[in-house]
Amino acid sequence: MCANVKLMRGIVDSLPFSLTVGTLGIVFGATAGSAGLGNLTAILMSFLVFSGSAQFAALGLWKQHATALLLTTTLLSTRFLLMSASLAARLPRIPTWLRTLLGFGVTDESYALSVTRGAKGAQISVPYLAGCMLAIYVPWVLGTGLGASLIGPLIKRAQIHRRSAERRLGDE
Amino acid sequence: MSDVMSVVIMATATFLLRASPILWIRDAERMPRWVKRWLEYVPPAVLAALVAPEILARTGPRIPGLALAYIACLVTALRTRSIILPLLAAIVTLAIAGLF
């Protein structure tokens, strides 16, 4: 099978996760505003951090000391250390830039998909893994953008409307 | 600016943990066999550790039909080996349970 076919295969296999991760991204983007993050900060975070658990935890810690943020992110990311090590044991020899990209893209979903495919302990196809990662990264970032720019403000406006309606009812 | 700094701190921390094993172990062939064998047990252990607390020690509001949804999900997963079908089975079960 050629690389493009394997890449496509990874993307197609990941589509159910694209859907759930995209939705989670929207939720993250929409709630980031009320935690004190600007729209661009929220999108930048999804773009660079790319970890749902760490990012949702960060929302609760945002206005506190950076040490708390660092500690929480580190603790929540330790599981990736194990996943990454078990992936590394099954990867072929590939250049550093590709290793860097694959390392950045390690997530619960892409890990689960790529290690359960094929025989136990068999070598993992790099294009397939890249496809899985891409199909999770893109919806995560796009979802955050959509949530921060559109869904979040819509919810806020609806809340303001309801509050002013309640006030009017209270006056009568 | 400090917001951007916080994001960079988080990104660095998570990236170092995710990427360092893949960057460090450059040749899997030369890895000691006992390490390789040990690492073969990581997938089931990690995946179980991700799911088990959510099922066995869930905190948060009570969701009617959750146990049924887990069962529907598990049975569908075992029978179909698909990813989307167990998700759908769980969602449909929760939706139906929510009606009562």
# chains A, B, ... in the order shown; residues from 1 in each chain; ligands from 1
>>> residues_around(residues="B:Arg26", least_positions_apart="5", cutoff="9 Å", atoms="only C-alpha atoms", output="list in words")
Ala88, Ala89, Leu91, Pro92, Arg93, Ile94, Pro95, Thr96 and Arg99 of chain A; Pro21 of chain B
>>> write_last_selection(atoms="N, CA and C atoms", output="mmCIF file, in the first residue's frame")
data_model
loop_
_atom_site.group_PDB
_atom_site.id
_atom_site.type_symbol
_atom_site.label_atom_id
_atom_site.label_comp_id
_atom_site.auth_asym_id
_atom_site.auth_seq_id
_atom_site.Cartn_x
_atom_site.Cartn_y
_atom_site.Cartn_z
ATOM 1 N N ALA A 88 7.317 4.710 20.065
ATOM 2 C CA ALA A 88 8.715 4.767 19.606
ATOM 3 C C ALA A 88 9.278 3.371 19.375
ATOM 4 N N ALA A 89 8.874 2.408 20.224
ATOM 5 C CA ALA A 89 9.385 1.050 20.095
ATOM 6 C C ALA A 89 8.884 0.370 18.827
ATOM 7 N N LEU A 91 8.162 2.199 15.835
ATOM 8 C CA LEU A 91 8.321 3.052 14.654
ATOM 9 C C LEU A 91 9.538 2.618 13.844
ATOM 10 N N PRO A 92 9.482 2.776 12.522
ATOM 11 C CA PRO A 92 10.673 2.527 11.712
ATOM 12 C C PRO A 92 11.668 3.677 11.878
ATOM 13 N N ARG A 93 12.817 3.586 11.228
ATOM 14 C CA ARG A 93 13.790 4.690 11.307
ATOM 15 C C ARG A 93 13.316 5.820 10.406
ATOM 16 N N ILE A 94 13.098 6.991 11.032
ATOM 17 C CA ILE A 94 12.586 8.141 10.277
ATOM 18 C C ILE A 94 13.347 9.379 10.725
ATOM 19 N N PRO A 95 13.372 10.431 9.868
ATOM 20 C CA PRO A 95 14.142 11.635 10.203
ATOM 21 C C PRO A 95 13.578 12.401 11.398
ATOM 22 N N THR A 96 14.416 13.276 11.968
ATOM 23 C CA THR A 96 14.068 13.994 13.192
ATOM 24 C C THR A 96 12.838 14.892 13.030
ATOM 25 N N ARG A 99 9.886 12.859 13.390
ATOM 26 C CA ARG A 99 9.743 12.440 14.792
ATOM 27 C C ARG A 99 9.150 13.572 15.635
ATOM 28 N N PRO B 21 10.272 10.660 24.119
ATOM 29 C CA PRO B 21 10.575 9.252 23.830
ATOM 30 C C PRO B 21 10.744 8.985 22.334
#
>>> residues_around(residues="A:Val49", least_positions_apart="5", cutoff="7 Å", atoms="only C-alpha atoms", output="list in words")
Met10, Ala11 and Thr14 of chain B
>>> select_by_dssp(residues="stretch 15-89 of chain B", states="helix (DSSP H, G or I)", output="PDB file with C-alpha atoms, in the first residue's frame")
ATOM      1  CA  PHE B  15       5.448  18.712  24.025  1.00  0.00           C
ATOM      2  CA  LEU B  16       8.509  17.640  25.998  1.00  0.00           C
ATOM      3  CA  LEU B  17       6.604  14.746  27.554  1.00  0.00           C
ATOM      4  CA  ARG B  18       4.999  13.622  24.295  1.00  0.00           C
ATOM      5  CA  ALA B  19       7.901  13.952  21.930  1.00  0.00           C
ATOM      6  CA  SER B  20      10.974  13.058  23.964  1.00  0.00           C
ATOM      7  CA  PRO B  21      10.575   9.252  23.830  1.00  0.00           C
ATOM      8  CA  ILE B  22       9.960   9.342  20.077  1.00  0.00           C
ATOM      9  CA  LEU B  23      12.892  11.716  19.583  1.00  0.00           C
ATOM     10  CA  TRP B  24      15.142   9.815  21.950  1.00  0.00           C
ATOM     11  CA  ALA B  28      13.691   0.588  17.777  1.00  0.00           C
ATOM     12  CA  GLU B  29      15.739  -2.344  16.480  1.00  0.00           C
ATOM     13  CA  ARG B  30      18.546  -1.582  18.897  1.00  0.00           C
ATOM     14  CA  ARG B  33      14.440  -6.857  24.161  1.00  0.00           C
ATOM     15  CA  TRP B  34      13.155  -6.687  27.743  1.00  0.00           C
ATOM     16  CA  VAL B  35      12.291  -2.996  27.306  1.00  0.00           C
ATOM     17  CA  LYS B  36      10.437  -3.780  24.108  1.00  0.00           C
ATOM     18  CA  ARG B  37       8.529  -6.585  25.790  1.00  0.00           C
ATOM     19  CA  TRP B  38       7.675  -4.322  28.695  1.00  0.00           C
ATOM     20  CA  LEU B  39       6.429  -1.644  26.308  1.00  0.00           C
ATOM     21  CA  GLU B  40       4.112  -4.148  24.625  1.00  0.00           C
ATOM     22  CA  VAL B  42       1.638  -0.329  27.705  1.00  0.00           C
ATOM     23  CA  PRO B  43      -1.282  -0.070  25.233  1.00  0.00           C
ATOM     24  CA  PRO B  44      -3.762  -2.208  27.193  1.00  0.00           C
ATOM     25  CA  ALA B  45      -2.603  -0.679  30.484  1.00  0.00           C
ATOM     26  CA  VAL B  46      -2.862   2.931  29.335  1.00  0.00           C
ATOM     27  CA  LEU B  47      -6.158   2.480  27.511  1.00  0.00           C
ATOM     28  CA  ALA B  48      -7.679   0.705  30.502  1.00  0.00           C
ATOM     29  CA  ALA B  49      -6.400   3.431  32.818  1.00  0.00           C
ATOM     30  CA  LEU B  50      -8.069   6.076  30.680  1.00  0.00           C
ATOM     31  CA  VAL B  51     -11.467   4.395  30.724  1.00  0.00           C
ATOM     32  CA  ALA B  52     -11.671   2.586  34.076  1.00  0.00           C
ATOM     33  CA  PRO B  53     -11.829   5.599  36.449  1.00  0.00           C
ATOM     34  CA  GLU B  54     -14.592   7.119  34.328  1.00  0.00           C
ATOM     35  CA  ILE B  55     -16.680   3.953  34.698  1.00  0.00           C
ATOM     36  CA  LEU B  56     -15.796   2.804  38.226  1.00  0.00           C
ATOM     37  CA  LEU B  66     -25.327   5.490  31.934  1.00  0.00           C
ATOM     38  CA  ALA B  67     -24.676   1.902  33.023  1.00  0.00           C
ATOM     39  CA  LEU B  68     -26.926   0.653  30.236  1.00  0.00           C
ATOM     40  CA  ALA B  69     -25.055   2.847  27.760  1.00  0.00           C
ATOM     41  CA  TYR B  70     -21.738   1.345  28.858  1.00  0.00           C
ATOM     42  CA  ILE B  71     -23.100  -2.142  28.312  1.00  0.00           C
ATOM     43  CA  ALA B  72     -24.538  -1.238  24.902  1.00  0.00           C
ATOM     44  CA  CYS B  73     -21.185   0.305  23.955  1.00  0.00           C
ATOM     45  CA  LEU B  74     -19.176  -2.708  25.093  1.00  0.00           C
ATOM     46  CA  VAL B  75     -21.430  -5.278  23.424  1.00  0.00           C
ATOM     47  CA  THR B  76     -21.478  -3.343  20.131  1.00  0.00           C
ATOM     48  CA  ALA B  77     -17.709  -2.888  20.251  1.00  0.00           C
ATOM     49  CA  LEU B  78     -17.075  -6.586  20.815  1.00  0.00           C
ATOM     50  CA  ARG B  79     -19.473  -7.662  18.080  1.00  0.00           C
ATOM     51  CA  THR B  80     -18.660  -5.109  15.362  1.00  0.00           C
ATOM     52  CA  ILE B  84     -18.552   4.715  15.319  1.00  0.00           C
ATOM     53  CA  LEU B  85     -21.200   2.026  16.009  1.00  0.00           C
ATOM     54  CA  PRO B  86     -20.492   1.639  19.763  1.00  0.00           C
ATOM     55  CA  LEU B  87     -20.575   5.437  20.072  1.00  0.00           C
ATOM     56  CA  LEU B  88     -23.942   5.557  18.334  1.00  0.00           C
ATOM     57  CA  ALA B  89     -25.266   2.660  20.426  1.00  0.00           C
TER      58      ALA B  89
END
>>> interface_residues(of="chain A", to="chain B", cutoff="8 Å", atoms="only C-alpha atoms", output="PDB file with N, CA and C atoms, in the first residue's frame")
ATOM      1  N   PRO A  16     -14.686   9.173  13.251  1.00  0.00           N
ATOM      2  CA  PRO A  16     -15.556   9.255  14.431  1.00  0.00           C
ATOM      3  C   PRO A  16     -14.955  10.153  15.524  1.00  0.00           C
ATOM      4  N   LEU A  37     -10.008  33.911  28.981  1.00  0.00           N
ATOM      5  CA  LEU A  37      -9.093  33.810  27.836  1.00  0.00           C
ATOM      6  C   LEU A  37      -9.662  34.603  26.666  1.00  0.00           C
ATOM      7  N   THR A  41      -6.133  33.812  22.237  1.00  0.00           N
ATOM      8  CA  THR A  41      -5.396  32.971  23.178  1.00  0.00           C
ATOM      9  C   THR A  41      -5.937  31.551  23.145  1.00  0.00           C
ATOM     10  N   LEU A  44      -4.834  29.952  19.891  1.00  0.00           N
ATOM     11  CA  LEU A  44      -3.386  29.706  19.965  1.00  0.00           C
ATOM     12  C   LEU A  44      -3.102  28.494  20.847  1.00  0.00           C
ATOM     13  N   MET A  45      -3.872  28.377  21.943  1.00  0.00           N
ATOM     14  CA  MET A  45      -3.669  27.265  22.860  1.00  0.00           C
ATOM     15  C   MET A  45      -3.985  25.935  22.179  1.00  0.00           C
ATOM     16  N   LEU A  48      -1.144  25.173  19.742  1.00  0.00           N
ATOM     17  CA  LEU A  48       0.183  24.822  20.255  1.00  0.00           C
ATOM     18  C   LEU A  48       0.157  23.731  21.323  1.00  0.00           C
ATOM     19  N   VAL A  49      -0.853  23.731  22.185  1.00  0.00           N
ATOM     20  CA  VAL A  49      -0.866  22.768  23.295  1.00  0.00           C
ATOM     21  C   VAL A  49      -1.482  21.440  22.839  1.00  0.00           C
ATOM     22  N   PHE A  50      -2.630  21.504  22.159  1.00  0.00           N
ATOM     23  CA  PHE A  50      -3.244  20.325  21.566  1.00  0.00           C
ATOM     24  C   PHE A  50      -3.454  19.225  22.592  1.00  0.00           C
ATOM     25  N   SER A  51      -4.072  19.555  23.717  1.00  0.00           N
ATOM     26  CA  SER A  51      -4.400  18.549  24.710  1.00  0.00           C
ATOM     27  C   SER A  51      -5.684  18.959  25.416  1.00  0.00           C
ATOM     28  N   ALA A  66       1.356  30.897  37.328  1.00  0.00           N
ATOM     29  CA  ALA A  66       1.774  30.073  36.187  1.00  0.00           C
ATOM     30  C   ALA A  66       2.305  28.708  36.635  1.00  0.00           C
ATOM     31  N   LEU A  69      -0.308  26.136  36.610  1.00  0.00           N
ATOM     32  CA  LEU A  69      -0.577  25.766  35.217  1.00  0.00           C
ATOM     33  C   LEU A  69       0.444  24.751  34.717  1.00  0.00           C
ATOM     34  N   LEU A  70       1.703  25.047  35.011  1.00  0.00           N
ATOM     35  CA  LEU A  70       2.796  24.170  34.571  1.00  0.00           C
ATOM     36  C   LEU A  70       2.672  22.786  35.205  1.00  0.00           C
ATOM     37  N   THR A  73      -0.421  20.855  33.822  1.00  0.00           N
ATOM     38  CA  THR A  73      -0.163  20.393  32.456  1.00  0.00           C
ATOM     39  C   THR A  73       0.799  19.215  32.464  1.00  0.00           C
ATOM     40  N   THR A  74       1.854  19.326  33.285  1.00  0.00           N
ATOM     41  CA  THR A  74       2.838  18.253  33.348  1.00  0.00           C
ATOM     42  C   THR A  74       2.204  16.964  33.844  1.00  0.00           C
ATOM     43  N   SER A  77      -0.023  15.378  31.377  1.00  0.00           N
ATOM     44  CA  SER A  77       0.643  14.931  30.150  1.00  0.00           C
ATOM     45  C   SER A  77       1.554  13.738  30.375  1.00  0.00           C
ATOM     46  N   THR A  78       1.729  13.307  31.638  1.00  0.00           N
ATOM     47  CA  THR A  78       2.649  12.195  31.873  1.00  0.00           C
ATOM     48  C   THR A  78       2.203  10.939  31.148  1.00  0.00           C
ATOM     49  N   ARG A  79       0.887  10.777  30.959  1.00  0.00           N
ATOM     50  CA  ARG A  79       0.432   9.571  30.262  1.00  0.00           C
ATOM     51  C   ARG A  79       0.978   9.517  28.839  1.00  0.00           C
ATOM     52  N   PHE A  80       1.200  10.704  28.239  1.00  0.00           N
ATOM     53  CA  PHE A  80       1.747  10.738  26.877  1.00  0.00           C
ATOM     54  C   PHE A  80       3.171  10.183  26.825  1.00  0.00           C
ATOM     55  N   LEU A  81       3.877  10.300  27.943  1.00  0.00           N
ATOM     56  CA  LEU A  81       5.254   9.795  27.998  1.00  0.00           C
ATOM     57  C   LEU A  81       5.256   8.280  27.720  1.00  0.00           C
ATOM     58  N   LEU A  82       4.346   7.589  28.386  1.00  0.00           N
ATOM     59  CA  LEU A  82       4.225   6.142  28.177  1.00  0.00           C
ATOM     60  C   LEU A  82       3.773   5.813  26.759  1.00  0.00           C
ATOM     61  N   MET A  83       2.748   6.538  26.297  1.00  0.00           N
ATOM     62  CA  MET A  83       2.241   6.277  24.949  1.00  0.00           C
ATOM     63  C   MET A  83       3.330   6.508  23.926  1.00  0.00           C
ATOM     64  N   SER A  84       4.038   7.608  24.079  1.00  0.00           N
ATOM     65  CA  SER A  84       5.087   7.961  23.133  1.00  0.00           C
ATOM     66  C   SER A  84       6.188   6.904  23.137  1.00  0.00           C
ATOM     67  N   ALA A  85       6.548   6.404  24.317  1.00  0.00           N
ATOM     68  CA  ALA A  85       7.592   5.377  24.402  1.00  0.00           C
ATOM     69  C   ALA A  85       7.144   4.103  23.701  1.00  0.00           C
ATOM     70  N   SER A  86       5.865   3.729  23.895  1.00  0.00           N
ATOM     71  CA  SER A  86       5.418   2.486  23.270  1.00  0.00           C
ATOM     72  C   SER A  86       5.276   2.668  21.762  1.00  0.00           C
ATOM     73  N   LEU A  87       4.958   3.892  21.314  1.00  0.00           N
ATOM     74  CA  LEU A  87       4.963   4.162  19.867  1.00  0.00           C
ATOM     75  C   LEU A  87       6.387   4.084  19.324  1.00  0.00           C
ATOM     76  N   ALA A  88       7.317   4.710  20.065  1.00  0.00           N
ATOM     77  CA  ALA A  88       8.715   4.767  19.606  1.00  0.00           C
ATOM     78  C   ALA A  88       9.278   3.371  19.375  1.00  0.00           C
ATOM     79  N   ALA A  89       8.874   2.408  20.224  1.00  0.00           N
ATOM     80  CA  ALA A  89       9.385   1.050  20.095  1.00  0.00           C
ATOM     81  C   ALA A  89       8.884   0.370  18.827  1.00  0.00           C
ATOM     82  N   ARG A  90       7.853   0.934  18.211  1.00  0.00           N
ATOM     83  CA  ARG A  90       7.263   0.282  17.039  1.00  0.00           C
ATOM     84  C   ARG A  90       7.354   1.131  15.782  1.00  0.00           C
ATOM     85  N   LEU A  91       8.162   2.199  15.835  1.00  0.00           N
ATOM     86  CA  LEU A  91       8.321   3.052  14.654  1.00  0.00           C
ATOM     87  C   LEU A  91       9.538   2.618  13.844  1.00  0.00           C
ATOM     88  N   PRO A  92       9.482   2.776  12.522  1.00  0.00           N
ATOM     89  CA  PRO A  92      10.673   2.527  11.712  1.00  0.00           C
ATOM     90  C   PRO A  92      11.668   3.677  11.878  1.00  0.00           C
ATOM     91  N   ARG A  93      12.817   3.586  11.228  1.00  0.00           N
ATOM     92  CA  ARG A  93      13.790   4.690  11.307  1.00  0.00           C
ATOM     93  C   ARG A  93      13.316   5.820  10.406  1.00  0.00           C
ATOM     94  N   ILE A  94      13.098   6.991  11.032  1.00  0.00           N
ATOM     95  CA  ILE A  94      12.586   8.141  10.277  1.00  0.00           C
ATOM     96  C   ILE A  94      13.347   9.379  10.725  1.00  0.00           C
ATOM     97  N   THR A  96      14.416  13.276  11.968  1.00  0.00           N
ATOM     98  CA  THR A  96      14.068  13.994  13.192  1.00  0.00           C
ATOM     99  C   THR A  96      12.838  14.892  13.030  1.00  0.00           C
ATOM    100  N   ARG A  99       9.886  12.859  13.390  1.00  0.00           N
ATOM    101  CA  ARG A  99       9.743  12.440  14.792  1.00  0.00           C
ATOM    102  C   ARG A  99       9.150  13.572  15.635  1.00  0.00           C
ATOM    103  N   THR A 100       9.615  14.800  15.353  1.00  0.00           N
ATOM    104  CA  THR A 100       9.111  15.963  16.093  1.00  0.00           C
ATOM    105  C   THR A 100       7.611  16.130  15.872  1.00  0.00           C
ATOM    106  N   LEU A 102       5.391  13.864  14.768  1.00  0.00           N
ATOM    107  CA  LEU A 102       4.636  12.742  15.331  1.00  0.00           C
ATOM    108  C   LEU A 102       4.555  12.870  16.852  1.00  0.00           C
ATOM    109  N   GLY A 103       5.646  13.339  17.466  1.00  0.00           N
ATOM    110  CA  GLY A 103       5.661  13.517  18.913  1.00  0.00           C
ATOM    111  C   GLY A 103       4.643  14.548  19.352  1.00  0.00           C
ATOM    112  N   PHE A 104       4.561  15.638  18.592  1.00  0.00           N
ATOM    113  CA  PHE A 104       3.588  16.690  18.899  1.00  0.00           C
ATOM    114  C   PHE A 104       2.159  16.163  18.790  1.00  0.00           C
ATOM    115  N   VAL A 106       0.880  13.151  19.406  1.00  0.00           N
ATOM    116  CA  VAL A 106       0.424  12.027  20.230  1.00  0.00           C
ATOM    117  C   VAL A 106      -0.812  12.426  21.038  1.00  0.00           C
ATOM    118  N   ALA A 112      -4.588   5.150  20.474  1.00  0.00           N
ATOM    119  CA  ALA A 112      -5.466   3.981  20.537  1.00  0.00           C
ATOM    120  C   ALA A 112      -5.663   3.374  19.156  1.00  0.00           C
ATOM    121  N   VAL A 115      -2.091   1.768  17.728  1.00  0.00           N
ATOM    122  CA  VAL A 115      -1.517   0.572  18.359  1.00  0.00           C
ATOM    123  C   VAL A 115      -2.440  -0.641  18.274  1.00  0.00           C
ATOM    124  N   LYS A 120       0.074  -7.579  17.390  1.00  0.00           N
ATOM    125  CA  LYS A 120       0.666  -7.076  18.624  1.00  0.00           C
ATOM    126  C   LYS A 120       2.173  -6.880  18.436  1.00  0.00           C
ATOM    127  N   GLY A 121       2.652  -5.684  18.728  1.00  0.00           N
ATOM    128  CA  GLY A 121       4.077  -5.424  18.620  1.00  0.00           C
ATOM    129  C   GLY A 121       4.558  -5.168  17.202  1.00  0.00           C
TER     130      GLY A 121
END
>>> residues_around(residues="A:Val21", least_positions_apart="5", cutoff="7 Å", atoms="only C-alpha atoms", output="list of chain:residue names")
A:Ile136, A:Pro139, A:Trp140
>>> residues_around(residues="A:Lys156", least_positions_apart="4", cutoff="12 Å", atoms="only C-alpha atoms", output="ChimeraX atom specification")
/A:30-34,147-152,160-163
>>> residues_around(residues="A:Gly22", least_positions_apart="5", cutoff="12 Å", atoms="only C-alpha atoms", output="PyMOL selection string")
chain A and resi 14-17+27-29+46+52+135-147
>>> residues_around(residues="stretch 97-99 of chain B", least_positions_apart="2", cutoff="8 Å", atoms="only C-alpha atoms", output="list in words")
Pro64, Gly65, Thr93, Leu94 and Ala95 of chain B
